[in-house]
>>> print(open('structure_37.cif').read())   # mmCIF, C-alpha atoms and all ligand atoms
data_target
#
loop_
_atom_site.label_atom_id
_atom_site.label_comp_id
_atom_site.auth_asym_id
_atom_site.auth_seq_id
_atom_site.Cartn_x
_atom_site.Cartn_y
_atom_site.Cartn_z
CA MET L 887 -12.42 -20.02 -23.79
CA VAL L 888 -13.15 -23.74 -23.72
CA ASP L 889 -11.40 -26.01 -21.20
CA PRO L 890 -7.80 -27.00 -21.99
CA SER L 891 -7.33 -30.27 -23.85
CA PRO L 892 -6.82 -33.47 -21.84
CA ARG L 893 -3.50 -33.66 -23.69
CA THR L 894 -2.28 -30.60 -21.77
CA ALA L 895 1.05 -31.20 -20.03
CA ALA L 896 0.97 -32.18 -16.37
CA ARG L 897 2.63 -28.94 -15.32
CA LEU L 898 -0.61 -27.11 -16.09
CA HIS L 899 -2.92 -29.57 -14.35
CA GLY L 900 -4.87 -28.04 -11.53
CA ILE L 901 -3.95 -24.47 -12.51
CA GLU L 902 -7.25 -22.63 -12.73
CA PRO L 903 -7.77 -20.10 -15.53
CA THR L 904 -7.17 -16.55 -14.36
CA ILE L 905 -10.16 -15.19 -12.48
CA PHE L 906 -9.65 -11.72 -13.95
CA ALA L 907 -10.44 -12.83 -17.49
CA GLU L 908 -13.47 -14.76 -16.27
CA MET L 909 -14.91 -11.87 -14.28
CA SER L 910 -14.17 -9.25 -16.97
CA ALA L 911 -15.93 -11.48 -19.52
CA LEU L 912 -18.87 -11.67 -17.11
CA ALA L 913 -18.91 -7.85 -16.90
CA LEU L 914 -18.97 -7.57 -20.71
CA ARG L 915 -21.66 -10.23 -21.06
CA THR L 916 -23.98 -8.74 -18.46
CA GLY L 917 -23.20 -5.06 -19.04
CA ALA L 918 -22.30 -4.77 -15.34
CA LEU L 919 -19.89 -2.14 -14.00
CA ASN L 920 -16.46 -3.70 -13.74
CA LEU L 921 -15.01 -3.10 -10.27
CA GLY L 922 -13.13 -6.39 -10.71
CA GLN L 923 -10.02 -6.38 -12.83
CA GLY L 924 -7.40 -3.81 -11.82
CA PHE L 925 -6.94 -1.61 -14.82
CA PRO L 926 -7.40 2.18 -14.72
CA ASP L 927 -10.07 3.62 -16.97
CA VAL L 928 -7.95 6.70 -17.67
CA ASP L 929 -4.67 6.28 -19.58
CA GLY L 930 -1.27 7.55 -18.51
CA PRO L 931 0.40 10.80 -19.70
CA ALA L 932 -0.29 11.88 -23.29
CA THR L 933 3.37 12.97 -23.61
CA VAL L 934 4.39 9.37 -23.01
CA VAL L 935 1.95 8.11 -25.65
CA ASP L 936 3.45 10.72 -28.02
CA ALA L 937 6.93 9.40 -27.23
CA ALA L 938 5.83 5.87 -28.16
CA VAL L 939 4.28 7.10 -31.42
CA GLU L 940 7.43 9.06 -32.16
CA ALA L 941 9.51 5.93 -31.52
CA MET L 942 7.37 4.01 -34.02
CA ARG L 943 7.63 6.78 -36.59
CA THR L 944 11.38 7.00 -36.24
CA GLY L 945 11.93 3.34 -36.89
CA ARG L 946 12.25 1.69 -33.51
CA ASN L 947 10.08 -1.17 -34.63
CA GLN L 948 12.49 -4.08 -34.78
CA TYR L 949 13.78 -6.26 -31.94
CA ALA L 950 15.02 -4.36 -28.93
CA PRO L 951 18.16 -5.75 -27.29
CA GLY L 952 17.15 -8.72 -25.10
CA PRO L 953 17.96 -6.99 -21.80
CA GLY L 954 16.19 -3.82 -22.98
CA PHE L 955 17.26 -0.58 -24.66
CA PRO L 956 20.13 1.11 -22.79
CA GLU L 957 18.07 4.30 -22.30
CA LEU L 958 15.37 2.42 -20.42
CA ARG L 959 17.88 0.53 -18.30
CA GLU L 960 19.55 3.89 -17.52
CA ALA L 961 16.17 5.39 -16.59
CA VAL L 962 15.40 2.46 -14.26
CA VAL L 963 18.80 2.92 -12.63
CA ALA L 964 18.22 6.67 -12.17
CA HIS L 965 14.80 5.91 -10.66
CA GLN L 966 16.27 3.42 -8.17
CA GLN L 967 18.92 5.97 -7.22
CA ARG L 968 16.46 8.84 -6.84
CA HIS L 969 13.85 7.01 -4.80
CA TYR L 970 15.87 4.46 -2.84
CA GLY L 971 19.50 5.61 -2.97
CA LEU L 972 20.52 2.43 -4.79
CA ASP L 973 23.52 2.21 -7.12
CA VAL L 974 22.50 -0.18 -9.86
CA ASP L 975 24.69 -1.02 -12.86
CA PRO L 976 22.64 -0.53 -16.03
CA ALA L 977 24.81 -2.97 -17.99
CA THR L 978 24.50 -5.97 -15.68
CA GLN L 979 21.89 -5.37 -12.99
CA VAL L 980 18.72 -4.53 -14.96
CA VAL L 981 16.65 -6.57 -17.40
CA VAL L 982 13.52 -5.28 -19.12
CA THR L 983 10.64 -7.76 -19.30
CA ALA L 984 7.18 -8.11 -20.84
CA GLY L 985 5.53 -6.61 -17.79
CA ALA L 986 6.05 -7.70 -14.22
CA THR L 987 4.26 -10.89 -15.25
CA GLU L 988 7.15 -12.08 -17.39
CA ALA L 989 9.64 -11.00 -14.75
CA ILE L 990 7.88 -13.18 -12.18
CA ALA L 991 7.72 -16.14 -14.59
CA ALA L 992 11.35 -15.79 -15.66
CA ALA L 993 12.58 -15.42 -12.08
CA LEU L 994 10.73 -18.50 -10.89
CA LEU L 995 11.67 -20.61 -13.93
CA ALA L 996 15.27 -19.49 -13.51
CA LEU L 997 15.60 -20.13 -9.78
CA VAL L 998 13.18 -22.87 -8.71
CA ASP L 999 13.95 -26.56 -9.28
CA PRO L 1000 11.28 -29.25 -9.10
CA GLY L 1001 10.55 -29.91 -5.44
CA ASP L 1002 11.97 -26.60 -4.22
CA GLU L 1003 9.66 -24.76 -1.85
CA VAL L 1004 8.61 -21.16 -2.34
CA VAL L 1005 7.33 -19.23 0.64
CA VAL L 1006 4.73 -16.78 -0.62
CA LEU L 1007 2.37 -14.28 0.96
CA GLU L 1008 -1.25 -15.41 0.88
CA PRO L 1009 -3.68 -14.26 -0.54
CA PHE L 1010 -1.53 -14.72 -3.69
CA TYR L 1011 -1.42 -12.73 -6.88
CA ASP L 1012 -2.68 -15.49 -9.16
CA SER L 1013 0.27 -15.68 -11.55
CA TYR L 1014 2.51 -16.69 -8.63
CA VAL L 1015 0.58 -19.91 -8.12
CA ALA L 1016 0.76 -20.80 -11.82
CA CYS L 1017 4.45 -19.92 -12.21
CA ILE L 1018 5.53 -21.81 -9.08
CA ALA L 1019 3.63 -24.82 -10.41
CA MET L 1020 5.09 -24.51 -13.92
CA ALA L 1021 8.57 -24.42 -12.36
CA GLY L 1022 7.73 -27.61 -10.44
CA GLY L 1023 7.99 -25.78 -7.13
CA VAL L 1024 5.84 -26.20 -4.04
CA ARG L 1025 4.15 -23.16 -2.55
CA ARG L 1026 4.07 -22.54 1.17
CA GLY L 1027 1.64 -19.75 1.95
CA VAL L 1028 2.02 -17.31 4.81
CA THR L 1029 -1.42 -15.85 5.35
CA LEU L 1030 -1.98 -12.15 5.86
CA ARG L 1031 -5.13 -12.21 7.98
CA ALA L 1032 -7.96 -9.73 8.22
CA PRO L 1033 -8.62 -7.19 9.57
CA ASP L 1034 -5.17 -5.59 9.20
CA PHE L 1035 -3.27 -8.17 7.11
CA ARG L 1036 0.00 -7.90 9.05
CA LEU L 1037 2.86 -10.34 8.44
CA ASP L 1038 2.88 -13.02 11.13
CA ALA L 1039 6.56 -13.62 11.95
CA ASP L 1040 5.89 -17.03 13.51
CA ALA L 1041 3.88 -18.18 10.50
CA LEU L 1042 6.73 -17.06 8.25
CA ARG L 1043 9.32 -18.97 10.26
CA ALA L 1044 7.07 -22.04 10.37
CA ALA L 1045 6.70 -22.01 6.58
CA VAL L 1046 10.47 -22.32 6.01
CA THR L 1047 11.92 -25.83 5.71
CA ASP L 1048 15.25 -27.22 4.51
CA ARG L 1049 13.72 -27.39 1.02
CA THR L 1050 12.85 -23.68 0.87
CA LYS L 1051 14.60 -21.94 -2.03
CA LEU L 1052 13.07 -18.53 -2.04
CA VAL L 1053 10.60 -16.11 -0.57
CA LEU L 1054 8.23 -14.46 -3.04
CA LEU L 1055 7.13 -11.13 -1.61
CA ASN L 1056 4.63 -8.57 -2.81
CA THR L 1057 4.55 -5.13 -1.23
CA PRO L 1058 2.38 -3.09 -1.49
CA HIS L 1059 0.27 -6.21 -1.54
CA ASN L 1060 -2.46 -7.18 -3.98
CA PRO L 1061 -5.28 -7.92 -3.08
CA THR L 1062 -5.14 -6.80 0.59
CA GLY L 1063 -3.59 -3.35 0.07
CA ALA L 1064 -1.16 -3.98 2.94
CA VAL L 1065 2.23 -2.25 2.88
CA LEU L 1066 4.93 -4.25 4.64
CA THR L 1067 6.65 -2.09 7.25
CA ARG L 1068 10.40 -1.88 7.66
CA GLU L 1069 10.04 -4.04 10.79
CA GLU L 1070 8.09 -6.72 8.91
CA LEU L 1071 10.63 -6.67 6.09
CA GLN L 1072 13.42 -7.02 8.64
CA VAL L 1073 11.80 -10.26 9.84
CA VAL L 1074 11.80 -11.55 6.24
CA ALA L 1075 15.41 -10.43 5.82
CA ASP L 1076 16.48 -12.17 9.03
CA VAL L 1077 14.83 -15.41 7.93
CA ALA L 1078 16.34 -15.13 4.43
CA VAL L 1079 19.84 -14.60 5.80
CA GLU L 1080 19.52 -17.30 8.44
CA HIS L 1081 18.35 -19.91 5.90
CA ASP L 1082 20.29 -18.55 2.93
CA LEU L 1083 17.15 -17.91 0.89
CA LEU L 1084 16.66 -15.84 -2.22
CA VAL L 1085 13.94 -13.17 -2.25
CA VAL L 1086 11.90 -12.21 -5.30
CA THR L 1087 9.83 -9.13 -4.58
CA ASP L 1088 6.98 -7.78 -6.70
CA GLU L 1089 6.78 -4.04 -6.09
CA VAL L 1090 4.55 -2.92 -8.96
CA TYR L 1091 2.54 -0.68 -6.57
CA GLU L 1092 5.71 0.99 -5.21
CA HIS L 1093 4.33 4.48 -5.88
CA LEU L 1094 0.64 3.97 -5.13
CA LEU L 1095 0.65 4.34 -1.32
CA PHE L 1096 -1.80 6.32 0.84
CA ASP L 1097 -1.77 8.31 4.07
CA ARG L 1098 1.90 9.24 3.58
CA ARG L 1099 3.05 5.67 3.95
CA GLU L 1100 6.55 4.80 2.78
CA HIS L 1101 7.49 1.97 0.44
CA VAL L 1102 10.63 0.14 1.51
CA PRO L 1103 12.29 -2.17 -1.03
CA ILE L 1104 13.61 -5.16 0.91
CA CYS L 1105 16.80 -5.06 -1.19
CA THR L 1106 17.78 -1.88 0.73
CA LEU L 1107 17.97 -3.74 4.06
CA PRO L 1108 21.45 -4.76 5.23
CA GLY L 1109 22.64 -8.00 3.64
CA MET L 1110 19.72 -8.22 1.23
CA TRP L 1111 20.97 -6.77 -2.07
CA ASP L 1112 22.93 -9.88 -3.04
CA ARG L 1113 19.97 -12.23 -2.53
CA THR L 1114 17.08 -10.12 -3.84
CA LEU L 1115 15.45 -9.61 -7.23
CA THR L 1116 13.15 -6.58 -7.33
CA ILE L 1117 10.39 -6.39 -9.91
CA SER L 1118 8.39 -3.38 -11.07
CA SER L 1119 6.51 -2.20 -14.12
CA ALA L 1120 5.20 0.79 -16.05
CA GLY L 1121 1.71 -0.73 -16.01
CA LYS L 1122 0.67 0.43 -12.54
CA THR L 1123 3.09 3.36 -12.12
CA PHE L 1124 2.05 5.11 -15.34
CA SER L 1125 -1.43 3.67 -15.96
CA PHE L 1126 -0.35 1.75 -19.07
CA THR L 1127 -1.30 -1.78 -18.04
CA GLY L 1128 -1.63 -2.81 -21.70
CA TRP L 1129 1.94 -1.89 -22.60
CA LYS L 1130 3.52 -4.72 -20.62
CA VAL L 1131 6.86 -3.09 -19.93
CA GLY L 1132 8.44 -4.26 -16.68
CA TRP L 1133 11.92 -4.64 -15.25
CA VAL L 1134 13.97 -6.63 -12.78
CA THR L 1135 16.89 -5.25 -10.80
CA GLY L 1136 19.31 -7.05 -8.53
CA PRO L 1137 22.81 -8.47 -8.29
CA ALA L 1138 24.37 -9.28 -11.67
CA ASP L 1139 24.39 -13.06 -11.20
CA LEU L 1140 20.68 -13.30 -10.32
CA VAL L 1141 19.70 -10.84 -13.05
CA ALA L 1142 21.70 -12.98 -15.49
CA SER L 1143 19.68 -16.00 -14.33
CA VAL L 1144 16.44 -14.15 -15.03
CA TYR L 1145 17.73 -13.15 -18.45
CA ALA L 1146 18.74 -16.75 -19.16
CA ALA L 1147 15.04 -17.65 -18.86
CA LYS L 1148 13.62 -14.43 -20.35
CA GLN L 1149 15.56 -14.79 -23.60
CA TRP L 1150 13.71 -18.05 -24.29
CA LEU L 1151 10.30 -16.73 -23.28
CA THR L 1152 10.05 -13.51 -25.31
CA PHE L 1153 13.71 -12.77 -26.19
CA SER L 1154 12.84 -9.05 -26.18
CA ASN L 1155 9.67 -6.99 -25.93
CA ALA L 1156 7.82 -3.76 -26.69
CA ALA L 1157 10.60 -1.94 -28.60
CA PRO L 1158 8.77 1.36 -29.25
CA MET L 1159 7.30 1.49 -25.75
CA GLN L 1160 10.69 1.20 -24.10
CA PRO L 1161 11.98 4.70 -24.99
CA ALA L 1162 8.58 6.08 -24.01
CA VAL L 1163 8.75 4.41 -20.59
CA ALA L 1164 12.31 5.71 -20.20
CA GLU L 1165 10.98 9.20 -20.76
CA ALA L 1166 8.16 8.59 -18.30
CA LEU L 1167 10.58 7.43 -15.60
CA ASP L 1168 12.81 10.46 -16.20
CA LYS L 1169 10.15 13.15 -16.50
CA GLU L 1170 6.77 12.06 -15.18
CA THR L 1171 7.41 11.77 -11.46
CA SER L 1172 4.49 14.08 -10.75
CA PHE L 1173 2.17 11.75 -12.66
CA TYR L 1174 2.44 8.95 -10.12
CA GLU L 1175 2.54 11.31 -7.15
CA GLU L 1176 -0.75 12.75 -8.32
CA LEU L 1177 -2.12 9.31 -9.18
CA ALA L 1178 -1.48 8.17 -5.61
CA ARG L 1179 -3.41 11.17 -4.24
CA GLU L 1180 -6.30 10.54 -6.63
CA LEU L 1181 -6.39 6.87 -5.75
CA GLU L 1182 -6.41 7.74 -2.05
CA ALA L 1183 -9.51 9.89 -2.57
CA LYS L 1184 -11.13 7.14 -4.64
CA ARG L 1185 -10.28 4.60 -1.97
CA ASP L 1186 -12.14 6.78 0.52
CA LEU L 1187 -15.08 7.17 -1.84
CA LEU L 1188 -15.44 3.42 -2.39
CA CYS L 1189 -14.73 2.46 1.23
CA GLU L 1190 -17.34 4.93 2.49
CA GLY L 1191 -19.83 3.55 0.00
CA LEU L 1192 -19.10 -0.05 0.96
CA ALA L 1193 -19.35 0.85 4.64
CA GLY L 1194 -23.05 1.54 4.03
CA LEU L 1195 -23.55 -2.13 3.09
CA ASP L 1196 -23.72 -5.13 5.41
CA VAL L 1197 -20.01 -5.93 5.04
CA ASP L 1198 -16.74 -5.55 6.93
CA VAL L 1199 -14.48 -3.16 4.99
CA TYR L 1200 -10.70 -3.54 5.32
CA VAL L 1201 -9.37 -0.12 4.33
CA PRO L 1202 -6.19 -0.58 2.21
CA GLU L 1203 -2.90 1.25 2.73
CA ALA L 1204 -2.00 1.21 -0.98
CA THR L 1205 -2.80 -0.26 -4.43
CA TYR L 1206 -6.00 -0.24 -6.48
CA PHE L 1207 -8.07 -2.50 -4.22
CA VAL L 1208 -10.20 -2.81 -1.13
CA THR L 1209 -11.27 -6.10 0.45
CA THR L 1210 -14.58 -6.73 2.19
CA ASP L 1211 -16.04 -9.69 4.03
CA VAL L 1212 -19.52 -10.47 2.70
CA ARG L 1213 -20.48 -13.38 4.95
CA ARG L 1214 -23.56 -11.63 6.36
CA TYR L 1215 -25.24 -11.86 2.96
CA GLY L 1216 -25.62 -15.59 3.46
CA TYR L 1217 -23.66 -17.03 0.53
CA ASP L 1218 -21.51 -20.11 1.01
CA ASP L 1219 -18.52 -18.31 -0.40
CA SER L 1220 -17.39 -15.22 -2.25
CA LEU L 1221 -17.44 -16.91 -5.66
CA ALA L 1222 -21.18 -17.55 -5.33
CA PHE L 1223 -21.64 -13.95 -4.18
CA CYS L 1224 -19.61 -12.55 -7.10
CA LEU L 1225 -21.36 -14.73 -9.69
CA ALA L 1226 -24.75 -13.47 -8.46
CA LEU L 1227 -23.65 -9.83 -8.18
CA PRO L 1228 -24.01 -8.76 -11.84
CA GLU L 1229 -27.63 -9.81 -11.87
CA ARG L 1230 -28.44 -8.57 -8.38
CA ALA L 1231 -26.61 -5.26 -8.54
CA GLY L 1232 -25.11 -4.74 -12.01
CA VAL L 1233 -21.59 -4.79 -10.57
CA VAL L 1234 -18.63 -7.16 -10.97
CA ALA L 1235 -16.12 -7.81 -8.18
CA ILE L 1236 -13.41 -10.43 -7.63
CA PRO L 1237 -13.89 -13.39 -5.26
CA SER L 1238 -10.65 -13.28 -3.27
CA GLN L 1239 -11.14 -16.86 -2.07
CA VAL L 1240 -9.39 -18.02 -5.25
CA PHE L 1241 -6.21 -16.37 -3.94
CA TYR L 1242 -6.08 -18.48 -0.78
CA ASP L 1243 -5.05 -22.02 0.15
CA ASP L 1244 -6.56 -21.32 3.57
CA ARG L 1245 -10.15 -21.65 2.36
CA GLU L 1246 -11.68 -20.57 5.67
CA GLU L 1247 -9.74 -17.31 5.76
CA GLY L 1248 -10.48 -16.55 2.11
CA ARG L 1249 -14.00 -17.87 1.90
CA HIS L 1250 -16.07 -14.69 2.22
CA LYS L 1251 -13.60 -12.10 0.97
CA VAL L 1252 -14.35 -9.96 -2.05
CA ARG L 1253 -11.95 -7.56 -3.78
CA TRP L 1254 -13.20 -4.29 -5.31
CA ALA L 1255 -11.13 -2.02 -7.60
CA PHE L 1256 -11.21 1.76 -7.20
CA CYS L 1257 -8.78 2.64 -10.04
CA LYS L 1258 -11.86 3.89 -11.90
CA GLU L 1259 -13.39 7.28 -12.59
CA ARG L 1260 -15.27 8.79 -9.66
CA ALA L 1261 -18.56 8.62 -11.58
CA VAL L 1262 -18.06 4.87 -12.08
CA ILE L 1263 -17.36 4.29 -8.39
CA GLU L 1264 -20.35 6.43 -7.40
CA LYS L 1265 -22.60 4.56 -9.79
CA GLY L 1266 -21.32 1.22 -8.50
CA VAL L 1267 -21.99 2.25 -4.91
CA ARG L 1268 -25.50 3.47 -5.79
CA ARG L 1269 -26.27 0.17 -7.48
CA LEU L 1270 -24.99 -1.84 -4.54
CA ALA L 1271 -26.92 0.29 -2.07
CA ALA L 1272 -30.14 -0.16 -4.05
CA ALA L 1273 -29.77 -3.91 -4.58
CA ASP L 1274 -31.04 -6.82 -2.48
CA LEU L 1275 -27.80 -8.69 -1.91
CA TYR L 1276 -29.09 -11.28 0.55
CA GLN L 1277 -29.16 -14.93 -0.38
CA THR L 1278 -32.42 -16.34 0.86
CA GLY L 1279 -34.16 -19.68 0.80
CA GLY L 1280 -31.12 -21.97 1.19
C1 LIG A 1 -0.81 -5.97 -12.12
C2 LIG A 1 0.16 -6.81 -11.34
C3 LIG A 1 1.21 -7.48 -11.97
C4 LIG A 1 1.35 -7.53 -13.46
O1 LIG A 1 2.09 -6.49 -13.95
P1 LIG A 1 2.29 -6.33 -15.54
O2 LIG A 1 3.38 -5.33 -15.62
O3 LIG A 1 1.00 -5.87 -16.11
O4 LIG A 1 2.69 -7.66 -16.08
C5 LIG A 1 2.10 -8.19 -11.19
N1 LIG A 1 1.97 -8.25 -9.85
C6 LIG A 1 0.95 -7.63 -9.21
C7 LIG A 1 0.85 -7.76 -7.74
C8 LIG A 1 0.01 -6.91 -9.94
O5 LIG A 1 -1.03 -6.35 -9.30
#
>>> encode(input="structure_37.cif", output="structure tokens", more="lines below")
Ligand SMILES: *Cc1c(COP(=O)(O)O)cnc(C)c1O
Amino acid sequence: MVDPSPRTAARLHGIEPTIFAEMSALALRTGALNLGQGFPDVDGPATVVDAAVEAMRTGRNQYAPGPGFPELREAVVAHQQRHYGLDVDPATQVVVTAGATEAIAAALLALVDPGDEVVVLEPFYDSYVACIAMAGGVRRGVTLRAPDFRLDADALRAAVTDRTKLVLLNTPHNPTGAVLTREELQVVADVAVEHDLLVVTDEVYEHLLFDRREHVPICTLPGMWDRTLTISSAGKTFSFTGWKVGWVTGPADLVASVYAAKQWLTFSNAAPMQPAVAEALDKETSFYEELARELEAKRDLLCEGLAGLDVDVYVPEATYFVTTDVRRYGYDDSLAFCLALPERAGVVAIPSQVFYDDREEGRHKVRWAFCKERAVIEKGVRRLAAADLYQTGG
């Protein structure tokens, strides 16, 4: 893509293009192994693909209802009940979106006025930065710091001002792989109640946790349901990242606000995929249980491989990703390291520095994806081990 026109509206000024597209294009151009962008290289259940094909063949090809087909909203409700003991009303408390990405955009456009502050975990998922900016909001990062990326309660409290409108959470967290504990979430809940803040929480990795860790939706904490919008998606849970079927649940008034924005963004989305995702939610529980176990083994494979390099490895508790610190290789920053990596090693990774306002904390961090076949990870590790990764001569 060329640079945006100088006639581009001010709301997009200073928003960098998404790093994932840039690094995946680099992988294609150089033929390097892509351990960058987080998409699995094996698709989700064939039965679910069959259900989508069947939906197309049986004529579900016109607009879905804006809030989503009733069967998918019912399946989301049953999922929330089964996993978290929540009683969600399918008629008023669920909206289906074009992936979690649209849910995030619609929630922020619906709830953030120009000048409102949004407290957000840093490193950020990159669409948060863009959507806060497009809403005219101001981001206030709370940095999860290496090596263990715990939530710093004092930093959270310090980030809240009388202009704060909402807290944008992400747990399990991309890119660090941290899972917020019940105690950490309680700190967020206490701050939200004390300052009467809304919480928007991106939980797309809700099922992809390791070492028997437990995912706690913050909306299940006392006093939080009425102020929380919870976002998830079939992309990560069922390995269909290209389908872009997500959903938002929460109190009826906030869900209605999200829908008020969503109906003017896409109106409705992915009609034939919706019944398929409903079936997946109802019947494919073992798929994501198994996926989590496989990812845990792949995490170990990649982390052990990276541990043989001259890097610090921060072993993740969940998600598709592991972070390393590459400062000993002598590059100024992780972007320079990642731009040189295809040529030096035939591998693409993501420079996490672009997810930080705190440049010093982010500067030498690199994110690697392990949602890939074992042979791909092994090959990537072999290439890295064989390569000269040191920057020499200035
Ligand atoms: C992948 C991802 C998304 C996007 O989800 P889609 O359903 O593909 O739109 C949102 N948030 C996080 C943290 C992600 O990793």
>>> residues_near_ligand(input="structure_37.cif", ligand="ligand LIG 1 (chain A)", cutoff="6 Å", atoms="all atoms listed in the file", output="VMD selection string")
chain L and resid 985 to 987 1011 1060 1088 1090 1119 1121 1127 1130 to 1132
>>> residues_around(input="structure_37.cif", residues="Met909 in chain L", least_positions_apart="3", cutoff="7 Å", atoms="all atoms listed in the file", output="PyMOL selection string")
chain L and resi 905-906+912-913+922+1234+1236
>>> closest_residue(input="structure_37.cif", among="L:Ala1039, L:Met1020, L:Ala964, L:Ala941", to="Ala896 in chain L", atoms="all atoms listed in the file")
L:Met1020
>>> closest_residue(input="structure_37.cif", among="L:Glu1070, L:Asp1211, L:Asp889, L:Asp1076", to="Pro1103 in chain L", atoms="all atoms listed in the file")
L:Glu1070
>>> atom_distance(input="structure_37.cif", atom1="CA of Val1053 in chain L", atom2="CA of Trp1150 in chain L")
24.0 Å
>>> residues_around(input="structure_37.cif", residues="Glu1203 in chain L", least_positions_apart="6", cutoff="10 Å", atoms="all atoms listed in the file", output="PyMOL selection string")
chain L and resi 1034+1058-1059+1062-1066+1094-1099+1182+1185
>>> closest_residue(input="structure_37.cif", among="L:Arg1031, L:Arg915, L:Arg897, L:Arg946", to="Pro1161 in chain L", atoms="only C-alpha atoms")
L:Arg946
>>> residues_around(input="structure_37.cif", residues="Glu957 in chain L", least_positions_apart="4", cutoff="9 Å", atoms="all atoms listed in the file", output="PyMOL selection string")
chain L and resi 961-962+1160-1161+1164-1165
>>> write_last_selection(input="structure_37.cif", atoms="C-alpha atoms", output="PDB file, keeping the file's coordinate frame")
ATOM      1  CA  ALA L 961      16.170   5.390 -16.590  1.00  0.00           C
ATOM      2  CA  VAL L 962      15.400   2.460 -14.260  1.00  0.00           C
ATOM      3  CA  GLN L1160      10.690   1.200 -24.100  1.00  0.00           C
ATOM      4  CA  PRO L1161      11.980   4.700 -24.990  1.00  0.00           C
ATOM      5  CA  ALA L1164      12.310   5.710 -20.200  1.00  0.00           C
ATOM      6  CA  GLU L1165      10.980   9.200 -20.760  1.00  0.00           C
TER       7      GLU L1165
END
>>> build_atoms(input="structure_37.cif", residues="range 1016-1027 of chain L", atoms="N, CA and C atoms", output="mmCIF file, keeping the file's coordinate frame")
data_model
loop_
_atom_site.group_PDB
_atom_site.id
_atom_site.type_symbol
_atom_site.label_atom_id
_atom_site.label_comp_id
_atom_site.auth_asym_id
_atom_site.auth_seq_id
_atom_site.Cartn_x
_atom_site.Cartn_y
_atom_site.Cartn_z
ATOM 1 N N ALA L 1016 0.534 -20.121 -10.538
ATOM 2 C CA ALA L 1016 0.760 -20.800 -11.820
ATOM 3 C C ALA L 1016 2.254 -20.939 -12.105
ATOM 4 N N CYS L 1017 3.020 -19.879 -11.864
ATOM 5 C CA CYS L 1017 4.450 -19.920 -12.210
ATOM 6 C C CYS L 1017 5.238 -20.843 -11.272
ATOM 7 N N ILE L 1018 4.869 -20.862 -9.991
ATOM 8 C CA ILE L 1018 5.530 -21.810 -9.080
ATOM 9 C C ILE L 1018 5.245 -23.225 -9.566
ATOM 10 N N ALA L 1019 3.993 -23.485 -9.938
ATOM 11 C CA ALA L 1019 3.630 -24.820 -10.410
ATOM 12 C C ALA L 1019 4.355 -25.165 -11.708
ATOM 13 N N MET L 1020 4.422 -24.221 -12.649
ATOM 14 C CA MET L 1020 5.090 -24.510 -13.920
ATOM 15 C C MET L 1020 6.583 -24.779 -13.711
ATOM 16 N N ALA L 1021 7.155 -24.166 -12.671
ATOM 17 C CA ALA L 1021 8.570 -24.420 -12.360
ATOM 18 C C ALA L 1021 8.745 -25.740 -11.604
ATOM 19 N N GLY L 1022 7.648 -26.367 -11.221
ATOM 20 C CA GLY L 1022 7.730 -27.610 -10.440
ATOM 21 C C GLY L 1022 7.941 -27.370 -8.963
ATOM 22 N N GLY L 1023 7.792 -26.123 -8.535
ATOM 23 C CA GLY L 1023 7.990 -25.780 -7.130
ATOM 24 C C GLY L 1023 6.758 -26.090 -6.289
ATOM 25 N N VAL L 1024 6.924 -25.953 -4.986
ATOM 26 C CA VAL L 1024 5.840 -26.200 -4.040
ATOM 27 C C VAL L 1024 5.615 -24.916 -3.261
ATOM 28 N N ARG L 1025 4.367 -24.425 -3.257
ATOM 29 C CA ARG L 1025 4.150 -23.160 -2.550
ATOM 30 C C ARG L 1025 3.831 -23.411 -1.085
ATOM 31 N N ARG L 1026 4.359 -22.516 -0.270
ATOM 32 C CA ARG L 1026 4.070 -22.540 1.170
ATOM 33 C C ARG L 1026 3.546 -21.150 1.524
ATOM 34 N N GLY L 1027 2.249 -21.054 1.700
ATOM 35 C CA GLY L 1027 1.640 -19.750 1.950
ATOM 36 C C GLY L 1027 1.855 -19.266 3.377
#
